[in-house]
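One file, work-v1.pdb, carrying PDB, C-alpha atoms:
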ATOM      1  CA  MET A 710       0.000   0.000   0.000
ATOM      2  CA  LEU A 711       2.876   2.406   0.666
ATOM      3  CA  PRO A 712       4.714   3.922  -2.306
ATOM      4  CA  LYS A 713       7.758   1.945  -3.484
ATOM      5  CA  LYS A 714       9.715   5.163  -3.614
ATOM      6  CA  PHE A 715       8.703   8.636  -2.454
ATOM      7  CA  ASP A 716       9.601  10.567  -5.572
ATOM      8  CA  GLU A 717       8.257  13.135  -8.031
ATOM      9  CA  ASN A 718       4.774  11.643  -8.536
ATOM     10  CA  GLU A 719       3.995  11.718  -4.813
ATOM     11  CA  ILE A 720       5.468  15.213  -4.466
ATOM     12  CA  PHE A 721       3.422  16.431  -7.451
ATOM     13  CA  THR A 722       0.249  15.059  -5.834
ATOM     14  CA  LEU A 723       0.983  16.873  -2.574
ATOM     15  CA  VAL A 724       1.782  20.114  -4.429
ATOM     16  CA  ALA A 725      -1.481  19.813  -6.410
ATOM     17  CA  LEU A 726      -3.352  19.246  -3.141
ATOM     18  CA  ALA A 727      -1.752  22.320  -1.578
ATOM     19  CA  GLY A 728      -2.573  24.366  -4.703
ATOM     20  CA  LEU A 729      -6.225  23.334  -4.580
ATOM     21  CA  MET A 730      -6.467  24.141  -0.872
ATOM     22  CA  LEU A 731      -4.929  27.563  -1.484
ATOM     23  CA  ALA A 732      -7.284  28.269  -4.417
ATOM     24  CA  LEU A 733     -10.326  27.383  -2.321
ATOM     25  CA  TYR A 734      -9.042  29.466   0.581
ATOM     26  CA  LEU A 735      -8.546  32.510  -1.656
ATOM     27  CA  LEU A 736     -11.821  32.237  -3.576
ATOM     28  CA  PRO A 737     -15.009  33.669  -2.054
ATOM     29  CA  LYS A 738     -17.192  31.075  -0.295
ATOM     30  CA  ALA A 739     -19.845  30.807  -2.985
ATOM     31  CA  VAL A 740     -21.383  27.433  -2.050
ATOM     32  CA  SER A 741     -22.260  25.558   1.129
ATOM     33  CA  TRP A 742     -20.016  22.730   2.314
ATOM     34  CA  LYS A 743     -22.766  20.243   1.427
ATOM     35  CA  ALA A 744     -22.950  21.409  -2.192
ATOM     36  CA  GLY A 745     -19.154  21.511  -2.448
ATOM     37  CA  LEU A 746     -18.710  18.031  -1.012
ATOM     38  CA  ALA A 747     -21.597  16.583  -3.032
ATOM     39  CA  THR A 748     -19.883  17.778  -6.218
ATOM     40  CA  GLY A 749     -16.419  16.831  -4.993
ATOM     41  CA  LEU A 750     -17.457  13.309  -4.070
ATOM     42  CA  PHE A 751     -19.234  13.004  -7.419
ATOM     43  CA  PHE A 752     -15.917  13.816  -9.130
ATOM     44  CA  THR A 753     -14.239  11.166  -6.943
ATOM     45  CA  ALA A 754     -16.933   8.564  -7.657
ATOM     46  CA  MET A 755     -16.693   9.236 -11.410
ATOM     47  CA  ALA A 756     -12.908   8.910 -11.237
ATOM     48  CA  CYS A 757     -13.233   5.587  -9.365
ATOM     49  CA  PHE A 758     -15.786   4.352 -11.889
ATOM     50  CA  ALA A 759     -13.592   5.440 -14.827
ATOM     51  CA  ASP A 760     -10.570   3.725 -13.261
ATOM     52  CA  GLU A 761     -12.605   0.567 -12.688
ATOM     53  CA  VAL A 762     -13.658   0.524 -16.365
ATOM     54  CA  LEU A 763     -10.508   1.849 -18.057
ATOM     55  CA  SER A 764      -7.687   0.888 -15.765
ATOM     56  CA  GLY A 765      -8.786  -2.329 -14.041
ATOM     57  CA  MET A 766      -7.526  -5.687 -15.174
ATOM     58  CA  TYR A 767     -10.629  -6.474 -17.232
ATOM     59  CA  PRO A 768     -11.796  -5.468 -19.863
ATOM     60  CA  LEU A 769      -9.259  -2.677 -20.294
ATOM     61  CA  ASN A 770      -6.018  -1.653 -18.705
ATOM     62  CA  LEU A 771      -5.295   1.575 -20.527
ATOM     63  CA  TYR A 772      -3.336   3.325 -17.814
ATOM     64  CA  ASN A 773      -1.818   2.756 -14.395
ATOM     65  CA  THR A 774      -1.291   5.196 -11.572
ATOM     66  CA  PHE A 775       1.794   5.845  -9.437
ATOM     67  CA  ASP A 776       4.384   3.102  -8.963
ATOM     68  CA  SER A 777       2.373  -0.075  -9.662
ATOM     69  CA  LYS A 778      -0.956  -1.350 -10.961
ATOM     70  CA  ASP A 779      -2.064  -2.104  -7.379
ATOM     71  CA  ILE A 780      -3.939   0.341  -5.167
ATOM     72  CA  GLU A 781      -1.510   2.509  -3.216
ATOM     73  CA  LEU A 782      -1.818   5.025  -0.403
ATOM     74  CA  PHE A 783      -1.443   7.880  -2.888
ATOM     75  CA  ASP A 784      -4.328   6.524  -4.959
ATOM     76  CA  PHE A 785      -6.491   7.235  -1.917
ATOM     77  CA  ILE A 786      -4.921  10.678  -1.521
ATOM     78  CA  ILE A 787      -5.565  11.558  -5.159
ATOM     79  CA  TYR A 788      -9.151  10.268  -4.970
ATOM     80  CA  ILE A 789     -10.395  11.794  -1.755
ATOM     81  CA  PRO A 790      -8.649  15.112  -1.126
ATOM     82  CA  VAL A 791      -7.420  15.979  -4.653
ATOM     83  CA  PHE A 792     -10.392  15.010  -6.845
ATOM     84  CA  THR A 793     -12.881  16.062  -4.157
ATOM     85  CA  LEU A 794     -11.311  19.502  -3.865
ATOM     86  CA  TYR A 795     -11.192  19.766  -7.665
ATOM     87  CA  GLY A 796     -14.948  19.144  -7.708
ATOM     88  CA  TYR A 797     -15.362  21.675  -4.882
ATOM     89  CA  LEU A 798     -13.419  24.201  -6.952
ATOM     90  CA  PHE A 799     -15.538  23.388 -10.019
ATOM     91  CA  ILE A 800     -18.858  24.140  -8.309
ATOM     92  CA  THR A 801     -17.426  27.208  -6.548
ATOM     93  CA  VAL A 802     -16.314  28.710  -9.883
ATOM     94  CA  GLN A 803     -19.609  27.695 -11.495
ATOM     95  CA  SER A 804     -21.546  29.398  -8.721
ATOM     96  CA  LEU A 805     -19.436  32.560  -9.049
ATOM     97  CA  PHE A 806     -20.019  32.734 -12.810
ATOM     98  CA  ARG A 807     -23.597  31.456 -12.712
ATOM     99  CA  ALA A 808     -25.139  34.788 -13.695
ATOM    100  CA  ARG A 809     -22.934  34.990 -16.781
ATOM    101  CA  LEU A 810     -23.494  31.400 -17.914
ATOM    102  CA  ARG A 811     -26.702  32.217 -19.742
ATOM    103  CA  SER A 812     -26.123  31.408 -23.395
ATOM    104  CA  VAL A 813     -25.075  28.051 -24.861
ATOM    105  CA  ARG A 814     -22.021  29.647 -26.446
ATOM    106  CA  ILE A 815     -20.721  30.951 -23.115
ATOM    107  CA  VAL A 816     -21.379  27.600 -21.417
ATOM    108  CA  LEU A 817     -19.465  25.809 -24.180
ATOM    109  CA  PHE A 818     -16.569  28.246 -23.817
ATOM    110  CA  TYR A 819     -16.634  27.773 -20.035
ATOM    111  CA  LEU A 820     -16.561  23.981 -20.420
ATOM    112  CA  LEU A 821     -13.742  24.181 -22.975
ATOM    113  CA  VAL A 822     -11.670  26.208 -20.512
ATOM    114  CA  TRP A 823     -12.191  23.536 -17.848
ATOM    115  CA  ILE A 824     -11.443  20.713 -20.288
ATOM    116  CA  GLY A 825      -8.290  22.493 -21.469
ATOM    117  CA  PHE A 826      -7.113  23.175 -17.928
ATOM    118  CA  THR A 827      -7.807  19.590 -16.808
ATOM    119  CA  LEU A 828      -6.005  18.231 -19.862
ATOM    120  CA  LEU A 829      -3.023  20.455 -19.102
ATOM    121  CA  MET A 830      -2.958  19.239 -15.493
ATOM    122  CA  GLU A 831      -3.165  15.641 -16.680
ATOM    123  CA  SER A 832      -0.273  16.149 -19.130
ATOM    124  CA  ILE A 833       1.854  17.581 -16.334
ATOM    125  CA  SER A 834       0.885  14.705 -14.013
ATOM    126  CA  VAL A 835       1.892  12.201 -16.744
ATOM    127  CA  ARG A 836       5.295  13.859 -16.926
ATOM    128  CA  PHE A 837       5.610  13.497 -13.168
ATOM    129  CA  GLY A 838       4.633   9.816 -13.327
ATOM    130  CA  VAL A 839       1.236  10.036 -11.625
ATOM    131  CA  PHE A 840      -0.401   8.360 -14.650
ATOM    132  CA  HIS A 841       1.303   5.876 -16.950
ATOM    133  CA  TYR A 842      -0.424   5.524 -20.325
ATOM    134  CA  LEU A 843      -0.547   1.979 -21.752
ATOM    135  CA  GLU A 844      -1.818   0.380 -24.943
ATOM    136  CA  GLY A 845      -1.932   3.537 -27.034
ATOM    137  CA  TRP A 846      -3.855   5.749 -24.606
ATOM    138  CA  ASP A 847      -2.861   9.385 -25.052
ATOM    139  CA  ASN A 848      -4.031  12.949 -24.473
ATOM    140  CA  LEU A 849      -6.436  12.775 -27.406
ATOM    141  CA  HIS A 850      -8.302   9.882 -25.751
ATOM    142  CA  SER A 851      -8.405  11.866 -22.509
ATOM    143  CA  LEU A 852      -9.773  14.860 -24.414
ATOM    144  CA  VAL A 853     -12.610  12.728 -25.810
ATOM    145  CA  ALA A 854     -13.345  11.368 -22.309
ATOM    146  CA  TYR A 855     -13.396  14.893 -20.815
ATOM    147  CA  CYS A 856     -15.722  16.106 -23.590
ATOM    148  CA  PHE A 857     -18.251  13.563 -22.288
ATOM    149  CA  LEU A 858     -17.499  14.041 -18.591
ATOM    150  CA  PHE A 859     -17.481  17.811 -18.179
ATOM    151  CA  PRO A 860     -20.996  18.436 -19.549
ATOM    152  CA  VAL A 861     -22.127  15.785 -17.019
ATOM    153  CA  PHE A 862     -20.240  17.596 -14.237
ATOM    154  CA  TYR A 863     -21.735  20.923 -15.324
ATOM    155  CA  THR A 864     -25.301  19.560 -15.353
ATOM    156  CA  TYR A 865     -24.781  17.844 -12.004
ATOM    157  CA  ALA A 866     -23.316  21.003 -10.411
ATOM    158  CA  ASN A 867     -26.266  23.033 -11.728
ATOM    159  CA  TRP A 868     -28.659  20.518 -10.193
ATOM    160  CA  ILE A 869     -26.807  20.679  -6.868
ATOM    161  CA  LEU A 870     -26.950  24.490  -6.888
ATOM    162  CA  LYS A 871     -30.696  24.263  -7.485
ATOM    163  CA  ILE A 872     -31.404  21.832  -4.644
ATOM    164  CA  GLU A 873     -28.937  23.453  -2.260
ATOM    165  CA  ALA A 874     -31.219  26.263  -1.105
ATOM    166  CA  PRO A 875     -34.223  24.287   0.210
ATOM    167  CA  ASP A 876     -32.158  21.429   1.718
TER     168      ASP A 876
ATOM    169  CA  MET B 661     -29.525 -15.219 -14.014
ATOM    170  CA  VAL B 662     -26.301 -13.399 -13.188
ATOM    171  CA  LEU B 663     -27.455 -10.188 -14.850
ATOM    172  CA  LEU B 664     -31.082 -10.638 -13.807
ATOM    173  CA  PHE B 665     -30.199 -10.788 -10.109
ATOM    174  CA  SER B 666     -28.130  -7.592 -10.348
ATOM    175  CA  LEU B 667     -30.889  -5.788 -12.227
ATOM    176  CA  LEU B 668     -33.723  -6.942  -9.957
ATOM    177  CA  ALA B 669     -31.785  -6.302  -6.752
ATOM    178  CA  GLY B 670     -30.803  -2.857  -8.062
ATOM    179  CA  ALA B 671     -34.396  -1.994  -8.976
ATOM    180  CA  GLY B 672     -35.674  -3.234  -5.596
ATOM    181  CA  LEU B 673     -33.089  -1.299  -3.614
ATOM    182  CA  ALA B 674     -33.632   1.858  -5.684
ATOM    183  CA  TYR B 675     -37.384   1.579  -5.025
ATOM    184  CA  LEU B 676     -36.888   1.084  -1.279
ATOM    185  CA  SER B 677     -34.418   3.945  -0.917
ATOM    186  CA  ARG B 678     -36.247   6.520  -3.052
ATOM    187  CA  ALA B 679     -38.126   7.880  -0.011
ATOM    188  CA  LEU B 680     -34.798   8.397   1.745
ATOM    189  CA  PHE B 681     -33.457  10.449  -1.143
ATOM    190  CA  GLN B 682     -36.656  12.500  -1.230
ATOM    191  CA  ALA B 683     -36.620  13.202   2.507
ATOM    192  CA  GLU B 684     -32.926  14.069   2.934
ATOM    193  CA  LYS B 685     -31.601  14.586  -0.572
ATOM    194  CA  MET B 686     -28.220  16.088   0.200
ATOM    195  CA  LYS B 687     -27.340  13.845   3.132
ATOM    196  CA  SER B 688     -28.346  10.679   1.262
ATOM    197  CA  LEU B 689     -26.425  11.775  -1.803
ATOM    198  CA  LEU B 690     -23.276  12.571   0.187
ATOM    199  CA  LEU B 691     -23.375   9.272   2.073
ATOM    200  CA  TYR B 692     -24.112   7.314  -1.099
ATOM    201  CA  LEU B 693     -21.082   8.781  -2.903
ATOM    202  CA  TRP B 694     -18.920   8.313   0.193
ATOM    203  CA  LEU B 695     -19.934   4.634   0.466
ATOM    204  CA  TYR B 696     -19.517   4.054  -3.264
ATOM    205  CA  TYR B 697     -15.948   5.340  -3.094
ATOM    206  CA  TRP B 698     -15.005   3.016  -0.214
ATOM    207  CA  THR B 699     -16.852  -0.010  -1.604
ATOM    208  CA  ILE B 700     -15.208   0.181  -5.028
ATOM    209  CA  ASN B 701     -11.767   0.677  -3.521
ATOM    210  CA  PHE B 702     -12.224  -2.068  -0.942
ATOM    211  CA  LEU B 703     -13.111  -4.525  -3.703
ATOM    212  CA  ARG B 704     -10.216  -3.305  -5.822
ATOM    213  CA  ILE B 705      -7.826  -3.922  -2.923
ATOM    214  CA  LEU B 706      -9.243  -7.447  -2.498
ATOM    215  CA  GLU B 707      -8.857  -8.042  -6.221
ATOM    216  CA  MET B 708      -5.732  -6.201  -7.313
ATOM    217  CA  ASN B 709      -3.560  -6.116  -4.189
ATOM    218  CA  LEU B 710      -4.558  -9.300  -2.373
ATOM    219  CA  HIS B 711      -5.805 -11.363  -5.338
ATOM    220  CA  PHE B 712      -8.612 -12.857  -3.189
ATOM    221  CA  VAL B 713     -11.614 -11.791  -5.193
ATOM    222  CA  HIS B 714     -12.068 -11.379  -8.905
ATOM    223  CA  ASP B 715     -14.728 -11.842 -11.525
ATOM    224  CA  HIS B 716     -14.709 -14.345 -14.353
ATOM    225  CA  HIS B 717     -13.555 -11.702 -16.805
ATOM    226  CA  THR B 718     -16.533 -12.132 -19.081
ATOM    227  CA  PRO B 719     -18.807  -9.221 -20.083
ATOM    228  CA  MET B 720     -21.837 -10.616 -18.225
ATOM    229  CA  PHE B 721     -20.036 -11.019 -14.884
ATOM    230  CA  TYR B 722     -18.266  -7.718 -15.354
ATOM    231  CA  ILE B 723     -21.516  -5.762 -15.912
ATOM    232  CA  SER B 724     -23.125  -7.537 -12.947
ATOM    233  CA  ARG B 725     -20.192  -6.613 -10.774
ATOM    234  CA  LEU B 726     -20.448  -2.948 -11.812
ATOM    235  CA  LEU B 727     -24.158  -3.003 -10.953
ATOM    236  CA  VAL B 728     -23.440  -4.596  -7.573
ATOM    237  CA  LEU B 729     -21.011  -1.771  -6.799
ATOM    238  CA  PHE B 730     -23.882   0.703  -7.254
ATOM    239  CA  GLN B 731     -26.185  -1.392  -5.047
ATOM    240  CA  VAL B 732     -24.069  -1.949  -1.936
ATOM    241  CA  PRO B 733     -24.178   1.738  -0.866
ATOM    242  CA  LEU B 734     -27.996   1.686  -1.098
ATOM    243  CA  LEU B 735     -28.106  -1.353   1.151
ATOM    244  CA  PHE B 736     -26.051   0.426   3.800
ATOM    245  CA  LEU B 737     -28.084   3.640   3.487
ATOM    246  CA  LEU B 738     -31.247   1.653   4.189
ATOM    247  CA  TYR B 739     -29.573   0.074   7.208
ATOM    248  CA  LEU B 740     -28.576   3.532   8.505
ATOM    249  CA  HIS B 741     -32.160   4.702   8.170
ATOM    250  CA  VAL B 742     -33.434   1.716  10.197
ATOM    251  CA  PHE B 743     -30.632   2.308  12.719
ATOM    252  CA  HIS B 744     -31.726   5.919  13.240
ATOM    253  CA  ILE B 745     -35.422   5.183  13.585
ATOM    254  CA  SER B 746     -34.648   2.519  16.218
ATOM    255  CA  ARG B 747     -34.982   4.435  19.479
ATOM    256  CA  THR B 748     -33.297   2.262  22.092
ATOM    257  CA  SER B 749     -29.755   0.909  21.988
ATOM    258  CA  GLY B 750     -31.179  -2.635  22.134
ATOM    259  CA  ARG B 751     -33.175  -2.024  18.973
ATOM    260  CA  LYS B 752     -30.181  -0.416  17.313
ATOM    261  CA  THR B 753     -28.113  -3.534  18.074
ATOM    262  CA  LEU B 754     -30.932  -5.696  16.752
ATOM    263  CA  ALA B 755     -31.019  -3.599  13.567
ATOM    264  CA  ALA B 756     -27.267  -4.131  13.096
ATOM    265  CA  VAL B 757     -27.572  -7.890  13.713
ATOM    266  CA  CYS B 758     -30.519  -8.222  11.316
ATOM    267  CA  PHE B 759     -28.692  -6.207   8.705
ATOM    268  CA  PHE B 760     -25.660  -8.430   9.116
ATOM    269  CA  LEU B 761     -27.842 -11.440   8.285
ATOM    270  CA  VAL B 762     -29.358  -9.660   5.273
ATOM    271  CA  PHE B 763     -25.945  -8.593   4.019
ATOM    272  CA  THR B 764     -24.456 -12.050   4.530
ATOM    273  CA  GLY B 765     -27.331 -13.521   2.525
ATOM    274  CA  TYR B 766     -26.734 -10.952  -0.211
ATOM    275  CA  VAL B 767     -23.001 -11.746  -0.374
ATOM    276  CA  ALA B 768     -23.781 -15.485  -0.316
ATOM    277  CA  ILE B 769     -25.988 -15.001  -3.415
ATOM    278  CA  LEU B 770     -23.213 -13.005  -5.098
ATOM    279  CA  ASP B 771     -20.820 -15.831  -4.334
ATOM    280  CA  PHE B 772     -23.319 -18.509  -5.414
ATOM    281  CA  LEU B 773     -23.854 -16.742  -8.747
ATOM    282  CA  GLN B 774     -20.088 -16.165  -8.859
ATOM    283  CA  ILE B 775     -20.514 -12.443  -9.433
ATOM    284  CA  LEU B 776     -17.927 -11.988  -6.686
ATOM    285  CA  TYR B 777     -15.818 -15.016  -7.363
ATOM    286  CA  THR B 778     -13.114 -16.097  -4.948
ATOM    287  CA  TYR B 779     -10.461 -18.760  -5.379
ATOM    288  CA  GLU B 780     -11.473 -20.258  -2.046
ATOM    289  CA  TRP B 781     -14.637 -18.869  -0.532
ATOM    290  CA  SER B 782     -14.228 -17.804   3.052
ATOM    291  CA  TRP B 783     -16.701 -16.015   5.312
ATOM    292  CA  ARG B 784     -13.925 -13.678   6.333
ATOM    293  CA  TYR B 785     -14.466 -11.856   2.998
ATOM    294  CA  ALA B 786     -18.106 -11.212   3.901
ATOM    295  CA  LEU B 787     -17.101 -10.177   7.429
ATOM    296  CA  ALA B 788     -14.381  -7.826   6.194
ATOM    297  CA  PHE B 789     -16.726  -6.363   3.577
ATOM    298  CA  PHE B 790     -19.521  -5.908   6.139
ATOM    299  CA  PHE B 791     -17.471  -4.336   8.919
ATOM    300  CA  THR B 792     -15.536  -2.053   6.561
ATOM    301  CA  ASP B 793     -18.690  -0.594   5.029
ATOM    302  CA  LEU B 794     -20.428  -0.507   8.431
ATOM    303  CA  ALA B 795     -17.563   1.585   9.804
ATOM    304  CA  VAL B 796     -17.586   3.756   6.676
ATOM    305  CA  VAL B 797     -21.327   4.491   6.880
ATOM    306  CA  HIS B 798     -21.205   5.355  10.590
ATOM    307  CA  VAL B 799     -18.075   7.489  10.229
ATOM    308  CA  GLY B 800     -19.678   9.284   7.266
ATOM    309  CA  ASP B 801     -22.868   9.843   9.241
ATOM    310  CA  ALA B 802     -20.948  11.130  12.276
ATOM    311  CA  LEU B 803     -18.858  13.470  10.099
ATOM    312  CA  TYR B 804     -21.979  14.824   8.417
ATOM    313  CA  ARG B 805     -23.677  15.509  11.748
ATOM    314  CA  TRP B 806     -20.535  17.093  13.184
ATOM    315  CA  LEU B 807     -20.034  19.418  10.202
ATOM    316  CA  ASP B 808     -23.724  20.294  10.141
ATOM    317  CA  ARG B 809     -23.758  21.113  13.856
ATOM    318  CA  LYS B 810     -20.568  23.157  13.577
ATOM    319  CA  LYS B 811     -22.004  25.284  10.771
ATOM    320  CA  GLU B 812     -25.289  25.724  12.665
ATOM    321  CA  VAL B 813     -23.480  26.932  15.799
ATOM    322  CA  ARG B 814     -21.420  29.344  13.703
ATOM    323  CA  ARG B 815     -24.561  30.624  11.951
ATOM    324  CA  HIS B 816     -26.362  31.198  15.273
ATOM    325  CA  ALA B 817     -23.332  32.999  16.694
ATOM    326  CA  SER B 818     -23.110  35.334  13.682
ATOM    327  CA  GLU B 819     -26.859  35.992  13.855
ATOM    328  CA  LYS B 820     -26.543  37.050  17.527
ATOM    329  CA  ILE B 821     -23.691  39.423  16.700
TER     330      ILE B 821
END
Could I get this file's structure written as structure tokens?
Amino acid sequence: MLPKKFDENEIFTLVALAGLMLALYLLPKAVSWKAGLATGLFFTAMACFADEVLSGMYPLNLYNTFDSKDIELFDFIIYIPVFTLYGYLFITVQSLFRARLRSVRIVLFYLLVWIGFTLLMESISVRFGVFHYLEGWDNLHSLVAYCFLFPVFYTYANWILKIEAPD
Amino acid sequence: MVLLFSLLAGAGLAYLSRALFQAEKMKSLLLYLWLYYWTINFLRILEMNLHFVHDHHTPMFYISRLLVLFQVPLLFLLYLHVFHISRTSGRKTLAAVCFFLVFTGYVAILDFLQILYTYEWSWRYALAFFFTDLAVVHVGDALYRWLDRKKEVRRHASEKI
């Protein structure tokens, strides 16, 4: 369960975690903790589901994470604090820009910015050895996956913002 | 049969838990996602790290397994609901014991249908699965209540000021 070697991929994960915590600290508190966590845990659950489908042993093993194909301590760290805070950040930003996200064109632009940023972060994490692409998986495949995922995240976050008030 | 059980059990559990999601939408959603995360990772540890559990690596078993992963959190949410409506500690213990029997039966069916296939079936897998998710659901519930109370106290204090 512990990393074989504490090197750049673990350090990158901790730096990313610190960066997310700082971003959320600096941004105005636009959503309740329930809405933030509900979105964050949805990001985590989707990541777990995607890993189960794309990176398990069957039917596909398109990428591995960290030092081995087994579950490691840092897999838990990237799932719960990192992906959860990324989801928290997503709904916070969405709530801040909610008034401006009126037309389809602006929403598409907004989603493209998120997809681009996430893709950039993934490319950097690949360089640091957090993800190891196998069997021809590359950034283009990730881009296609994000083009499906982010509209789902956007719709889900909108739904959470709607139900947040009466709950 | 393998797929039918997963579909029917999923439909039954979704029907039973729909009132829960209507009554406390956000809490149920948070606990469901929290349980899903731990369940999927617990099974992945059993499969990938310890090589105890695996599926038959055929599409039918694989889809059934994915469906089961969505069902287990619902089962524990229903247990938590029964646990909370039980007023005395004796009834709460009885609820936990009864749920243990229900869960064991559920895992036994999964094993019988070989949806969760093990090289050598042992009840310790069911016990480990049960107590891990039991701890997860109660810790999640306690964390939710604690955070909720903390925010309420803070809100009251700022209202007084």
**OP:** Can you give me, as number ranges by chain, the residues this file yields under the PyMOL selection byres ((chain A and resi 770) around 10)?
**Re:** A: 760-769, 771-773, 778, 842-844, 846
Mind dumping a table of every chain B residue within 9 Å of chain A, with the nearest atom pair and its distance in Å to one decimal, using all atoms listed in the file, sorted by chain and rising number, as JSON lines?
{"residue": "B:Glu684", "atom": "CA", "partner": "A:Asp876", "partner_atom": "CA", "distance": 7.5}
{"residue": "B:Lys685", "atom": "CA", "partner": "A:Asp876", "partner_atom": "CA", "distance": 7.2}
{"residue": "B:Met686", "atom": "CA", "partner": "A:Asp876", "partner_atom": "CA", "distance": 6.8}
{"residue": "B:Lys687", "atom": "CA", "partner": "A:Lys743", "partner_atom": "CA", "distance": 8.0}
{"residue": "B:Leu689", "atom": "CA", "partner": "A:Ala747", "partner_atom": "CA", "distance": 6.9}
{"residue": "B:Leu690", "atom": "CA", "partner": "A:Ala747", "partner_atom": "CA", "distance": 5.4}
{"residue": "B:Leu693", "atom": "CA", "partner": "A:Leu750", "partner_atom": "CA", "distance": 5.9}
{"residue": "B:Trp694", "atom": "CA", "partner": "A:Leu750", "partner_atom": "CA", "distance": 6.7}
{"residue": "B:Tyr696", "atom": "CA", "partner": "A:Ala754", "partner_atom": "CA", "distance": 6.8}
{"residue": "B:Tyr697", "atom": "CA", "partner": "A:Ala754", "partner_atom": "CA", "distance": 5.7}
{"residue": "B:Ile700", "atom": "CA", "partner": "A:Cys757", "partner_atom": "CA", "distance": 7.2}
{"residue": "B:Asn701", "atom": "CA", "partner": "A:Cys757", "partner_atom": "CA", "distance": 7.8}
{"residue": "B:Arg704", "atom": "CA", "partner": "A:Ile780", "partner_atom": "CA", "distance": 7.3}
{"residue": "B:Ile705", "atom": "CA", "partner": "A:Ile780", "partner_atom": "CA", "distance": 6.2}
{"residue": "B:Met708", "atom": "CA", "partner": "A:Asp779", "partner_atom": "CA", "distance": 5.5}
{"residue": "B:Asn709", "atom": "CA", "partner": "A:Asp779", "partner_atom": "CA", "distance": 5.3}
{"residue": "B:Asp715", "atom": "CA", "partner": "A:Tyr767", "partner_atom": "CA", "distance": 8.8}
{"residue": "B:His717", "atom": "CA", "partner": "A:Tyr767", "partner_atom": "CA", "distance": 6.0}
{"residue": "B:Thr718", "atom": "CA", "partner": "A:Pro768", "partner_atom": "CA", "distance": 8.2}
{"residue": "B:Pro719", "atom": "CA", "partner": "A:Pro768", "partner_atom": "CA", "distance": 8.0}
{"residue": "B:Tyr722", "atom": "CA", "partner": "A:Tyr767", "partner_atom": "CA", "distance": 8.0}
{"residue": "B:Leu726", "atom": "CA", "partner": "A:Glu761", "partner_atom": "CA", "distance": 8.6}
{"residue": "B:Tyr804", "atom": "CA", "partner": "A:Lys743", "partner_atom": "CA", "distance": 8.9}
{"residue": "B:Leu807", "atom": "CA", "partner": "A:Trp742", "partner_atom": "CA", "distance": 8.6}
{"residue": "B:Asp808", "atom": "CA", "partner": "A:Lys743", "partner_atom": "CA", "distance": 8.8}
**OP:** To verify the selection step, state as a VMD selection string which residues the PyMOL selection byres ((chain B and resi 677) around 12) yields on this input.
**Re:** chain B and resid 670 to 676 678 to 685 688 to 689 692 731 to 742
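The interatomic distance for the pair CA of Phe857 in chain A and CA of Thr827 in chain A works out to 13.2 Å.
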**OP:** For the file shown, report as a VMD selection string the outcome of the PyMOL selection byres ((chain B and resi 792-799) around 8) at residue level.
**Re:** chain B and resid 691 695 698 to 699 736 to 737 740 788 to 791 800 to 803
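Atom pair CA of Arg725 in chain B / CA of Ala669 in chain B has a distance of 12.3 Å (rounded to one decimal).
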